[in-house]
Amino acid sequence: MDAKAPATNGPATGGPLTQRPQWQALLQHAQATRDRTLRDWFADDPKRGTRLVAEGAGLYLDYSRQRVGDDTLALLFDLAHACALPARIQAMFTGQHVNVTEDRAALHVALRMPAGTRLEVDGTDVVSEVQAVLSRMSGFADRVRDGRWTGATGQRIRNVINIGIGGSDLGPVMAYEALRHYSQRDLTLRFVSNVDPTDFIEATRDLDPAQTLFIVCSKTFTTQETLTNARAARDWCTAALGEGAIARHFVAVSTNAEGVRDFGIDTDNMFGFWDWVGGRYSMDSAIGLSTMVAIGPAHFGDMLAGFHAMDVHFRGTPLERNLPVLMGLLGVWNNDFLGAATVAVLPYAQYLKRFPAYLQQLTMESNGKHVTRDGSRCDYQTGPIYWGEPGTNGQHSFYQLIHQGTRIVPCDFIGFCQPLNPLDRQHDLLMANLFAQGEALAFGKSLQQVQDEGTPERLAPHRVFDGNRPSSTILVDRLTPHALGALVALYEHSVYVQGAIWDIDSFDQWGVELGKQLARRTEAEIASAQAPSLQHDSSTNALITRYRAHRRRK
């Protein structure tokens with residue numbers, strides 16, 4: 001197959017999305033069913049809770065508490081076919097250039113294809129290249145873990161600090177926290193991303209440079225924040241150990257060998273990846289080196305197998321039983337037809353405390369777009385805002401708004417049937433809360449129920465829960481590396497489904513560029529020894545002037 005062939009067009013081939021008959025049918029359906037509630041749907045179909053479910057790659061999805069009926073789902077599947085979703089899925093898996101604005105493939109699925117699989121992109125077998133990098137990563141991780149890799153003084157490495165930002169930080173730190181149960185506990189893992197010097201200072205304050213290894217993650221090795229922190233790390237290390245220590249205390253994940261060499265890192269200790277790996281899709285590439293050091297190559301391999309299991313499910317399962325397709329289409333329904341601007345991701349697992357933050361980049365950088373692939377302005381809502389916290393913490397903060405606020409906030413509940421850390425019956429209590437929250441959101445409490453409880457009339461309205469708040473529940477047997485891989489891939493692919501419907505490029509991120517460009521100009525003005533001639537708007541000019549007047553230098 002010619003990998004440079006244009007990816008199959010979606011809505012652009014059949015006219016503007018909102019003018020398509022399938023979109024118009026959904027608009028009419030949303031209007032016709034606006035007064036229908038989840039109470040009604042469950043009353044009419046006693047088997048709804050066991051019928052509107054799907055399974056794949058070890059994950060169980062209950063979407064029966066979404067505000068959809070069989071007719072809604074049928075219309076959504078019609079829209080998916082009209083947008084050529086099956087062809088768009090195949091285009092991504094076969095290496096076509098689905099990233100149209102950068103004219104390249106988005107082939108993160110190749111990162112977890114098993115050894116022996118062959119996939120050519122632009123004339124190169126990418127799987128063999130991936131496997132070669134994984135082999136080098138495994139050898140290095142083993143040497144750090146068993147003490148064969150030593151620092152400049154011959155001491156064993158006890159501390160590993162990942163320096164990156166965006167996908168080079170959010171993925172590794174999420175994976176480390178999620179899989180901490182499987183980590184080697186005599187290794188300390190820390191992560192530095194913010195250019196705020198506090199991030200670096202606090203990460204290194206109690207560490208011994210002689211026992212500390214830095215993994216510098218930057219595809220181009222030009223990312224301002226990452227290189228600034230990497231230079232701070234180099235100064236910290238060499239101040240204690242001398243310039244010759246860099247080779248034993250720094251490794252790089254990058255594609256820029258010259259930049260890595262100029263920094264002082266031996267390119268033999270550089271682990272590469274490819275332009276078809278976007279930062280937010282890279283946690284299972286060499287960007288995951290810190291993850292592999294923490295949990296070991298075998299567990300890392302299990303995580304890749306989980307990713308691949310969901311890839312296989314997504315590529316080969318009919319739309320009606322396809323977990324990423326269902327989640328993606330339900331997201332389109334909630335966002336564009338029910339007017340829900342946000343999605344709350346609520347993992348009832350403390351190990352997944354960084355999962356919502358990870359999903360913020362994955363979803364919002366991917367689908368936060370205002371034009372279609374051909375540059376036409378979208379006249380419909382695209383990516384919603386993702387946010388969340390682990391349960392049960394969130395129940396005592398923002399759940400008030402979810403239950404009784406004026407906004408519809410669809411929720412994804414994530415729970416595990418088997419605890420990694422059994423403690424009396426606490427896991428049962430945790431899961432009881434998960435199940436109860438979904439039930440309360442769906443069915444609420446009516447005024448009549450409140451009154452029947454003897455609530456005073458003046459307080460009764462305050463204790464009413466309207467219900468009819470949509471949610472999905474994802475259940476997994478156990479939080480294993482395999483399960484984490486499948487869970488991340490589930491959201492990766494649901495993002496792609498939504499992008500296919502909205503006809504946007506889910507793999508570029510031009511929206512992050514303008515602020516960075518302006519910051520480079522502003523930094524020079526701030527650092528100027530003489531008062532700069534400021535040519536910004538009056539607010540920016542005044543802020544820069546005030547900052548220069550009030551800053552304190554050593």
# chains A, B, ... in the order shown; residues from 1 in each chain; ligands from 1
>>> residues_around(residues="Ser506 of chain A", least_positions_apart="4", cutoff="7 Å", atoms="only C-alpha atoms", output="ChimeraX atom specification")
/A:366-367,496,499
>>> write_last_selection(atoms="C-alpha atoms", output="tab-separated table (two decimals), in the first residue's frame")
chain	number	residue	atom	x	y	z
A	366	SER	CA	-5.84	16.12	19.81
A	367	ASN	CA	-9.35	17.41	19.24
A	496	TYR	CA	-9.55	9.26	16.86
A	499	GLY	CA	-11.78	13.34	15.18
>>> residues_around(residues="Leu73 of chain A", least_positions_apart="3", cutoff="9 Å", atoms="only C-alpha atoms", output="PyMOL selection string")
chain A and resi 68-70+76-78+320+326+329-330
>>> residues_around(residues="Val277 of chain A", least_positions_apart="2", cutoff="8 Å", atoms="only C-alpha atoms", output="list in words")
Ala106, Leu107, His108, Phe273, Trp274, Asp275, Gly279, Tyr281 and Ser282 of chain A
>>> closest_atom_pairs(of="segment 38-112 of chain A", to="segment 442-460 of chain A", cutoff="7 Å", atoms="only C-alpha atoms", output="CSV")
residue,atom,partner,partner_atom,distance
A:Leu38,CA,A:Ala442,CA,6.2
A:Arg39,CA,A:Phe443,CA,6.0
A:Arg65,CA,A:Ala442,CA,6.3
>>> residues_around(residues="segment 391-398 of chain A", least_positions_apart="2", cutoff="10 Å", atoms="only C-alpha atoms", output="list of chain:residue names")
A:Val345, A:Leu346, A:Pro347, A:Tyr348, A:Ala349, A:Gln350, A:Leu352, A:Lys353, A:Gly388, A:Glu389, A:Gln400, A:Leu401, A:Ile402, A:His403, A:Gly405, A:Phe413, A:Ile414, A:Gly415, A:Leu429, A:Leu430, A:Met431, A:Asn433, A:Leu434, A:Gln437
>>> atom_distance(atom1="atom CA of Gln211 of chain A", atom2="atom CA of Arg158 of chain A")
5.3 Å
>>> atom_distance(atom1="atom CA of Leu304 of chain A", atom2="atom CA of Pro481 of chain A")
8.1 Å
>>> residues_around(residues="Leu79 of chain A", least_positions_apart="3", cutoff="9 Å", atoms="only C-alpha atoms", output="PDB file with N, CA and C atoms, in the first residue's frame")
ATOM      1  N   ARG A  20     -25.295  17.227   6.577  1.00  0.00           N
ATOM      2  CA  ARG A  20     -25.504  15.835   6.183  1.00  0.00           C
ATOM      3  C   ARG A  20     -26.816  15.312   6.763  1.00  0.00           C
ATOM      4  N   PRO A  21     -27.525  14.461   6.053  1.00  0.00           N
ATOM      5  CA  PRO A  21     -28.804  13.948   6.571  1.00  0.00           C
ATOM      6  C   PRO A  21     -28.651  13.190   7.884  1.00  0.00           C
ATOM      7  N   GLN A  22     -27.521  12.512   8.062  1.00  0.00           N
ATOM      8  CA  GLN A  22     -27.317  11.752   9.303  1.00  0.00           C
ATOM      9  C   GLN A  22     -27.189  12.702  10.502  1.00  0.00           C
ATOM     10  N   TRP A  23     -26.529  13.843  10.302  1.00  0.00           N
ATOM     11  CA  TRP A  23     -26.407  14.839  11.380  1.00  0.00           C
ATOM     12  C   TRP A  23     -27.771  15.468  11.665  1.00  0.00           C
ATOM     13  N   LEU A  26     -29.947  13.218  13.684  1.00  0.00           N
ATOM     14  CA  LEU A  26     -29.594  13.214  15.106  1.00  0.00           C
ATOM     15  C   LEU A  26     -30.100  14.478  15.809  1.00  0.00           C
ATOM     16  N   ALA A  74     -28.413   3.635  16.634  1.00  0.00           N
ATOM     17  CA  ALA A  74     -28.494   3.356  15.201  1.00  0.00           C
ATOM     18  C   ALA A  74     -28.164   4.603  14.382  1.00  0.00           C
ATOM     19  N   LEU A  75     -28.659   5.755  14.819  1.00  0.00           N
ATOM     20  CA  LEU A  75     -28.369   7.002  14.118  1.00  0.00           C
ATOM     21  C   LEU A  75     -26.892   7.373  14.226  1.00  0.00           C
ATOM     22  N   LEU A  76     -26.292   7.118  15.385  1.00  0.00           N
ATOM     23  CA  LEU A  76     -24.863   7.390  15.547  1.00  0.00           C
ATOM     24  C   LEU A  76     -24.021   6.488  14.650  1.00  0.00           C
ATOM     25  N   ALA A  82     -21.337   7.221   7.428  1.00  0.00           N
ATOM     26  CA  ALA A  82     -21.343   8.337   6.490  1.00  0.00           C
ATOM     27  C   ALA A  82     -20.024   9.093   6.520  1.00  0.00           C
ATOM     28  N   CYS A  83     -19.358   9.096   7.673  1.00  0.00           N
ATOM     29  CA  CYS A  83     -18.056   9.753   7.816  1.00  0.00           C
ATOM     30  C   CYS A  83     -16.897   8.816   7.511  1.00  0.00           C
ATOM     31  N   ALA A  84     -17.220   7.643   6.951  1.00  0.00           N
ATOM     32  CA  ALA A  84     -16.193   6.679   6.524  1.00  0.00           C
ATOM     33  C   ALA A  84     -15.300   6.246   7.670  1.00  0.00           C
ATOM     34  N   LEU A  85     -15.878   6.085   8.858  1.00  0.00           N
ATOM     35  CA  LEU A  85     -15.060   5.713  10.008  1.00  0.00           C
ATOM     36  C   LEU A  85     -14.305   4.407   9.802  1.00  0.00           C
ATOM     37  N   ILE A 501     -15.256  11.813  13.008  1.00  0.00           N
ATOM     38  CA  ILE A 501     -16.604  12.350  12.847  1.00  0.00           C
ATOM     39  C   ILE A 501     -16.544  13.856  12.589  1.00  0.00           C
TER      40      ILE A 501
END
>>> closest_residue(among="A:Phe337, A:Tyr386, A:Phe355, A:Tyr182", to="Leu420 of chain A", atoms="only C-alpha atoms")
A:Tyr182
>>> atom_distance(atom1="atom CA of Val126 of chain A", atom2="atom CA of Asp268 of chain A")
20.7 Å
>>> residues_around(residues="Pro86 of chain A", least_positions_apart="5", cutoff="12 Å", atoms="only C-alpha atoms", output="number ranges by chain")
A: 7-10, 77-81, 91-93, 314-320, 322, 325, 496-497, 500-501
>>> select_by_dssp(residues="segment 250-437 of chain A", states="helix (DSSP H, G or I)", output="PyMOL selection string")
chain A and resi 257-263+267-269+279-281+286-295+297-316+319-321+323-337+350-352+355-367+393-396+399-404+426-437
